[in-house]
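Raw final06.cif, mmCIF, C-alpha atoms:
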data_run
#
loop_
_atom_site.label_atom_id
_atom_site.label_comp_id
_atom_site.auth_asym_id
_atom_site.auth_seq_id
_atom_site.Cartn_x
_atom_site.Cartn_y
_atom_site.Cartn_z
CA MET A 1 5.13 -11.21 15.50
CA ASN A 2 8.32 -9.28 16.15
CA GLU A 3 10.31 -11.21 18.75
CA LYS A 4 10.86 -7.97 20.70
CA ASN A 5 7.11 -7.47 21.08
CA VAL A 6 5.53 -8.21 24.40
CA ALA A 7 2.04 -7.75 22.94
CA THR A 8 0.63 -7.17 19.47
CA VAL A 9 -2.88 -5.79 18.99
CA SER A 10 -4.44 -6.17 15.54
CA HIS A 11 -7.71 -4.75 14.16
CA LEU A 12 -9.30 -4.65 17.61
CA THR A 13 -12.98 -3.68 17.79
CA LYS A 14 -15.45 -3.68 20.66
CA ASP A 15 -19.19 -3.17 20.39
CA TYR A 16 -21.79 -3.07 23.13
CA GLY A 17 -25.51 -3.57 22.65
CA THR A 18 -28.02 -5.93 21.06
CA GLY A 19 -30.42 -5.86 18.16
CA GLY A 20 -30.30 -2.60 16.23
CA SER A 21 -28.71 -0.59 19.04
CA PHE A 22 -24.93 -0.79 19.13
CA THR A 23 -22.24 1.39 20.64
CA HIS A 24 -18.93 1.07 18.80
CA VAL A 25 -16.38 1.65 21.56
CA LEU A 26 -13.20 0.51 19.77
CA LYS A 27 -12.95 0.84 16.00
CA GLY A 28 -9.93 -1.05 14.74
CA ILE A 29 -7.01 -0.59 17.14
CA ASP A 30 -3.51 -1.62 16.03
CA LEU A 31 -0.73 -1.40 18.59
CA GLU A 32 2.65 -2.99 19.23
CA ILE A 33 4.09 -3.05 22.74
CA GLN A 34 7.78 -3.85 22.80
CA LYS A 35 9.91 -5.05 25.67
CA ASN A 36 10.72 -2.24 28.13
CA ASP A 37 8.16 0.15 26.65
CA PHE A 38 6.41 2.55 29.02
CA ILE A 39 3.20 3.55 27.26
CA ALA A 40 0.47 5.86 28.51
CA ILE A 41 -3.00 5.67 26.99
CA MET A 42 -5.00 8.90 27.21
CA GLY A 43 -8.25 10.17 25.79
CA PRO A 44 -11.49 11.97 26.55
CA SER A 45 -14.13 10.29 28.67
CA GLY A 46 -15.78 7.59 26.56
CA SER A 47 -12.86 7.31 24.14
CA GLY A 48 -12.39 3.60 24.88
CA LYS A 49 -9.15 3.68 26.88
CA THR A 50 -10.46 1.61 29.80
CA THR A 51 -12.09 -0.86 27.44
CA LEU A 52 -8.78 -1.24 25.61
CA LEU A 53 -6.93 -1.84 28.88
CA ASN A 54 -9.49 -4.43 29.98
CA ILE A 55 -9.13 -6.36 26.72
CA LEU A 56 -5.32 -6.25 26.75
CA SER A 57 -5.24 -7.48 30.35
CA THR A 58 -7.70 -10.35 29.59
CA ILE A 59 -10.50 -8.91 31.75
CA ASP A 60 -12.74 -8.44 28.69
CA LYS A 61 -12.94 -9.84 25.16
CA PRO A 62 -13.17 -7.88 21.90
CA THR A 63 -15.86 -8.15 19.27
CA GLN A 64 -13.21 -8.69 16.61
CA GLY A 65 -9.44 -8.63 16.34
CA SER A 66 -6.58 -10.28 18.19
CA VAL A 67 -4.23 -9.66 21.10
CA MET A 68 -1.06 -11.73 21.04
CA LEU A 69 0.70 -12.11 24.39
CA ASP A 70 3.52 -14.58 24.98
CA GLY A 71 2.65 -16.30 21.71
CA THR A 72 -0.98 -16.74 22.70
CA ASP A 73 -3.98 -14.99 21.19
CA VAL A 74 -5.70 -14.08 24.46
CA THR A 75 -8.97 -13.40 22.66
CA LYS A 76 -9.22 -17.11 21.80
CA ALA A 77 -7.44 -18.63 24.80
CA SER A 78 -9.06 -21.18 27.09
CA ASN A 79 -9.75 -20.36 30.71
CA GLN A 80 -6.76 -22.49 31.68
CA GLU A 81 -4.46 -20.60 29.33
CA LEU A 82 -5.78 -17.26 30.58
CA SER A 83 -5.18 -18.31 34.19
CA ARG A 84 -1.56 -19.15 33.32
CA LEU A 85 -1.04 -15.82 31.58
CA ARG A 86 -2.56 -13.84 34.45
CA ARG A 87 -0.43 -15.74 36.96
CA ASP A 88 2.90 -15.69 35.11
CA LYS A 89 2.87 -12.91 32.52
CA ILE A 90 0.60 -10.08 33.68
CA GLY A 91 0.81 -7.65 36.59
CA PHE A 92 -1.97 -5.20 37.43
CA ILE A 93 -2.09 -2.02 39.51
CA PHE A 94 -5.60 -0.85 40.35
CA GLN A 95 -6.61 2.68 41.27
CA ASP A 96 -7.98 1.54 44.64
CA TYR A 97 -4.99 -0.66 45.63
CA ASN A 98 -6.99 -3.91 46.24
CA LEU A 99 -4.85 -4.89 49.23
CA LEU A 100 -6.30 -7.40 51.69
CA ASP A 101 -7.01 -5.68 55.01
CA THR A 102 -6.48 -8.85 57.07
CA MET A 103 -2.90 -9.33 55.86
CA THR A 104 0.27 -7.36 56.52
CA LEU A 105 1.85 -5.40 53.70
CA LEU A 106 4.53 -8.06 53.34
CA ASP A 107 1.97 -10.85 53.11
CA ASN A 108 0.02 -8.86 50.51
CA ILE A 109 3.14 -8.36 48.43
CA VAL A 110 4.27 -12.01 48.43
CA LEU A 111 0.76 -13.44 48.04
CA PRO A 112 1.05 -14.14 44.27
CA LEU A 113 4.24 -16.12 44.85
CA SER A 114 2.84 -17.92 47.90
CA LEU A 115 -0.17 -19.06 45.89
CA ASN A 116 2.23 -20.47 43.29
CA GLY A 117 4.09 -22.52 45.91
CA VAL A 118 7.31 -20.46 45.80
CA SER A 119 9.53 -21.02 48.85
CA ALA A 120 9.46 -18.55 51.72
CA LYS A 121 13.14 -17.78 51.14
CA ARG A 122 12.57 -16.90 47.49
CA CYS A 123 9.50 -14.83 48.39
CA MET A 124 11.53 -12.79 50.87
CA GLU A 125 14.39 -12.27 48.42
CA ARG A 126 12.09 -10.79 45.81
CA ALA A 127 10.05 -8.84 48.36
CA ASN A 128 13.15 -7.27 49.90
CA GLU A 129 14.45 -6.22 46.48
CA LEU A 130 11.19 -4.54 45.52
CA THR A 131 10.29 -2.98 48.86
CA GLU A 132 13.70 -1.37 49.11
CA LEU A 133 13.22 0.09 45.63
CA PHE A 134 9.74 1.37 46.56
CA GLY A 135 10.73 2.72 49.98
CA LEU A 136 8.62 0.31 52.04
CA THR A 137 11.18 -1.62 54.08
CA GLU A 138 10.07 -0.07 57.38
CA HIS A 139 6.36 -0.74 56.76
CA LEU A 140 6.24 -4.45 55.97
CA ALA A 141 4.69 -5.50 59.30
CA LYS A 142 1.89 -2.92 59.03
CA TYR A 143 -1.65 -3.58 57.86
CA PRO A 144 -3.19 -1.56 55.01
CA TYR A 145 -5.27 0.59 57.40
CA GLN A 146 -1.99 1.76 58.99
CA LEU A 147 -0.56 2.99 55.67
CA SER A 148 -1.00 6.16 53.65
CA GLY A 149 -2.52 6.03 50.18
CA GLY A 150 0.90 6.42 48.60
CA GLN A 151 2.35 3.58 50.68
CA LYS A 152 -0.55 1.31 49.78
CA GLN A 153 -0.17 2.00 46.08
CA ARG A 154 3.57 1.41 46.22
CA GLY A 155 2.82 -1.86 48.02
CA ALA A 156 0.32 -2.78 45.32
CA SER A 157 3.01 -2.04 42.74
CA CYS A 158 5.42 -4.40 44.49
CA ARG A 159 2.74 -7.10 44.54
CA ALA A 160 2.15 -6.63 40.80
CA LEU A 161 5.88 -6.83 40.03
CA ILE A 162 6.89 -9.67 42.32
CA THR A 163 6.12 -12.37 39.74
CA ARG A 164 8.33 -10.52 37.22
CA PRO A 165 5.52 -10.24 34.67
CA GLU A 166 6.02 -9.69 30.96
CA ILE A 167 3.82 -6.61 31.15
CA LEU A 168 2.46 -4.41 33.92
CA PHE A 169 -0.95 -2.82 33.40
CA ALA A 170 -1.77 0.24 35.49
CA ASP A 171 -5.32 1.60 35.59
CA GLU A 172 -5.24 5.25 36.75
CA PRO A 173 -2.59 4.33 39.38
CA THR A 174 -2.37 7.90 40.72
CA GLY A 175 -6.10 8.59 40.62
CA ALA A 176 -6.57 8.31 44.39
CA LEU A 177 -3.27 9.93 45.39
CA ASP A 178 -2.22 13.46 46.25
CA SER A 179 0.37 15.18 44.06
CA ARG A 180 3.36 14.29 46.25
CA SER A 181 2.41 10.60 46.48
CA SER A 182 1.68 10.52 42.75
CA LYS A 183 5.12 11.86 41.90
CA ASP A 184 6.77 9.41 44.29
CA LEU A 185 4.99 6.44 42.72
CA LEU A 186 5.69 7.56 39.16
CA GLU A 187 9.37 8.16 39.86
CA ARG A 188 9.70 4.61 41.19
CA LEU A 189 7.78 3.06 38.29
CA LYS A 190 10.01 4.97 35.89
CA MET A 191 13.06 3.69 37.78
CA VAL A 192 11.82 0.10 37.42
CA ASN A 193 11.18 0.63 33.71
CA ASP A 194 14.51 2.38 33.09
CA GLY A 195 16.23 -0.52 34.83
CA GLY A 196 14.74 -2.97 32.34
CA LYS A 197 12.59 -4.68 34.98
CA ALA A 198 9.15 -3.85 33.63
CA THR A 199 7.20 -3.14 30.46
CA ILE A 200 4.36 -0.83 31.46
CA LEU A 201 1.06 0.18 29.89
CA MET A 202 -0.77 2.82 31.90
CA VAL A 203 -4.20 4.35 31.38
CA THR A 204 -4.41 7.86 32.77
CA HIS A 205 -6.34 11.10 32.31
CA ASP A 206 -3.51 13.10 33.86
CA ALA A 207 -0.87 14.75 31.66
CA PHE A 208 1.61 14.91 34.53
CA SER A 209 1.39 11.14 35.04
CA ALA A 210 1.59 10.50 31.31
CA SER A 211 4.77 12.58 31.05
CA TYR A 212 6.64 9.82 32.93
CA ALA A 213 5.99 7.42 30.05
CA LYS A 214 8.12 7.06 26.94
CA ASP A 215 5.21 7.25 24.51
CA VAL A 216 1.67 8.56 24.83
CA TYR A 217 -1.15 7.32 22.61
CA ILE A 218 -4.23 9.52 22.39
CA LEU A 219 -7.54 7.74 21.85
CA SER A 220 -10.61 9.53 20.58
CA ASP A 221 -13.87 8.08 19.30
CA GLY A 222 -12.52 4.54 19.60
CA GLN A 223 -9.40 5.07 17.51
CA ILE A 224 -5.77 5.98 18.11
CA GLN A 225 -5.50 9.54 16.86
CA CYS A 226 -1.83 10.19 17.50
CA ARG A 227 1.33 9.10 19.25
CA ILE A 228 3.56 11.51 21.17
CA SER A 229 7.10 10.36 21.95
CA LYS A 230 9.31 11.68 24.69
CA GLY A 231 12.40 13.70 23.90
CA GLU A 232 15.14 14.60 26.35
CA SER A 233 13.00 16.87 28.53
CA ARG A 234 10.00 15.64 30.53
CA LYS A 235 8.80 19.25 30.75
CA GLU A 236 8.69 19.54 26.95
CA PHE A 237 6.93 16.18 26.78
CA TYR A 238 4.36 17.39 29.30
CA ASP A 239 3.78 20.53 27.25
CA LYS A 240 3.22 18.48 24.09
CA ILE A 241 0.67 16.32 25.91
CA THR A 242 -1.26 19.27 27.31
CA ASP A 243 -1.22 21.00 23.92
CA MET A 244 -2.73 17.89 22.34
CA GLN A 245 -5.33 17.66 25.09
CA ALA A 246 -6.36 21.24 24.44
CA ALA A 247 -6.54 20.65 20.69
CA MET A 248 -8.81 17.66 21.19
CA GLY A 249 -11.46 19.19 23.40
CA GLY A 250 -10.24 21.65 25.94
CA GLY A 251 -8.21 19.17 27.96
CA ASP A 252 -11.21 17.20 29.32
CA PHE A 253 -9.56 13.79 29.59
CA SER A 254 -11.33 12.62 32.75
#
Could the structure of this file be written out as structure tokens, please?
Amino acid sequence: MNEKNVATVSHLTKDYGTGGSFTHVLKGIDLEIQKNDFIAIMGPSGSGKTTLLNILSTIDKPTQGSVMLDGTDVTKASNQELSRLRRDKIGFIFQDYNLLDTMTLLDNIVLPLSLNGVSAKRCMERANELTELFGLTEHLAKYPYQLSGGQKQRGASCRALITRPEILFADEPTGALDSRSSKDLLERLKMVNDGGKATILMVTHDAFSASYAKDVYILSDGQIQCRISKGESRKEFYDKITDMQAAMGGGDFS
């Protein structure tokens, strides 16, 4: 494996079903994710993008193939090894935030470190660095019900990044946000990535969100059909993405 690779996906397949009835969701995916990449995975409904994300993030297992992360094939790892990887190497942003309502925003953000026995001083140092970057300094004492959707998702992003993971997985992170909050979140994720502080893989149906990435991979019928790389202009990148969406089925990437 290339030493610059954060993850290497080889010949990945995923089938669902039993007996003579099978659905072939992924059909031989090969993908290399290098340090400081920002990759968006797009595709029509049923293309396999969520399944791919779930396998890469150790939520699901493939039928065949391998996923190398931190020198470990996660498809063959023990539960103990997977727990270590999830704790130390993987961050995850969910569409619906997954913040704990009984804890303040600050406590939600530092929870992964607290569970690992990191000192309160170290927790606060990392939390302050991230919450300043994500514009949340004035909201740390609030509970999730007191926050807007955008504030909650930025808080969830801080929680995912506080362990300094090797890779950050984002599953439709703007799916529940309005356009202004979406742009705010994406600008800050891009800032983190540009600063060398995160390698990001994001699944999204939205061309605007995808245009913040450096590379977009289009899945269709369980296979990677093409890769679109960003040039100097995000507007031109957005146009390329929407053109490809239209060419592959009228832009229905929900």
Legend entry - Reference answer for the PyMOL selection byres ((chain A and resi 140) around 10), as a ChimeraX atom specification: /A:104-109,127-128,131,136-139,141-144,155
Exercise: residues within 9 Å of coordinate (-8.1, 4.0, 34.5), counting all atoms listed in the file, as a compact mmCIF listing (two decimals) with C-alpha atoms, keeping the file's coordinate frame:
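The resulting file, result-v9.txt, is shown below:
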# COMPACT_ATOMS: atom_id res chain seq x y z
CA LYS A 49 -9.15 3.68 26.88
CA THR A 50 -10.46 1.61 29.80
CA LEU A 53 -6.93 -1.84 28.88
CA PHE A 94 -5.60 -0.85 40.35
CA GLN A 95 -6.61 2.68 41.27
CA ALA A 170 -1.77 0.24 35.49
CA ASP A 171 -5.32 1.60 35.59
CA GLU A 172 -5.24 5.25 36.75
CA PRO A 173 -2.59 4.33 39.38
CA GLY A 175 -6.10 8.59 40.62
CA MET A 202 -0.77 2.82 31.90
CA VAL A 203 -4.20 4.35 31.38
CA THR A 204 -4.41 7.86 32.77
CA HIS A 205 -6.34 11.10 32.31
Legend entry - Gap from CA of Leu168 in chain A to CA of Glu129 in chain A - Å, one decimal: 17.5 Å
Legend entry - For Lys230 in chain A, the nearest of the candidates A:Val67, A:Ile93, A:Ala40, A:Ala246, counting only C-alpha atoms: A:Ala40
Inset, instruction - In Å, rounded to a single decimal, give me how far CA of Leu26 in chain A is from CA of Thr58 in chain A. - result: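 We find that CA of Thr58 in chain A and CA of Leu26 in chain A lie 15.6 Å from each other.
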Inset, instruction - Pull the neighbourhood of (-3.7, 12.5, 46.1) for me: all residues within 12 Å in file coordinates, counting only C-alpha atoms, as a PyMOL selection string. - result: chain A and resi 95-96+148-151+153+172-185
Legend entry - Minimum-distance residue to Val192 in chain A, chosen among A:Cys158, A:Leu52, A:Leu219, A:Leu115 (using all atoms listed in the file):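 Closest residue, counting all atoms listed in the file: A:Cys158.
For the pair CA of His24 in chain A and CA of His11 in chain A, the interatomic distance is 13.5 Å.
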Kindly provide, as AutoDock Vina command-line options, the centre and edge lengths (Å, one decimal) of an axis-aligned box around all atoms of range 220-228 of chain A given in the file, with 3 Å on each side.
--center_x -5.2 --center_y 8.0 --center_z 19.0 --size_x 23.4 --size_y 13.0 --size_z 10.3
Inset, instruction - Report the residues retrieved by the PyMOL selection byres ((chain A and resi 4) around 12) from the displayed file, expressed as a ChimeraX atom specification. - result: /A:1-3,5-8,32-37,69-71,166,199
Inset, instruction - Starting from the shown file, work through the PyMOL selection byres ((chain A and resi 38) around 6) and note down what comes out as a VMD selection string. - result: chain A and resid 37 39 199 to 201 213 to 214
Inset, instruction - Within 10 Å of Tyr238 in chain A, counting only C-alpha atoms, which residues show up once you throw out same-chain ones fewer than 3 positions away? Write them as a PyMOL selection string, please. - result: chain A and resi 207-212+230+233-235+241-244
Inset, instruction - For Ile29 in chain A, list every protein, DNA or RNA residue within 8 Å, evaluated using only C-alpha atoms, and leave out those in the same chain fewer than 4 positions away; present the list as a list in words. - result: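 Those residues are Val9, Ser10, His11, Leu12, Thr13, Gly222, Gln223 and Ile224 of chain A.
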Inset, instruction - Would you please work out which residue, of A:Val74, A:Leu133, A:Met124, A:Ile162, is nearest to Met191 in chain A when using only C-alpha atoms? - result: A:Leu133
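Minimum atom-to-atom distances from A:Gln245, A:Gln146, A:Thr75, A:Asn98 to Gln225 in chain A were compared using only C-alpha atoms, and the lowest value belongs to A:Gln245.
For the set A:Phe237, A:Tyr145, A:Phe22, A:Tyr217, the residue with the smallest atom-to-atom gap to Gly43 in chain A is A:Tyr217, counting all atoms listed in the file.
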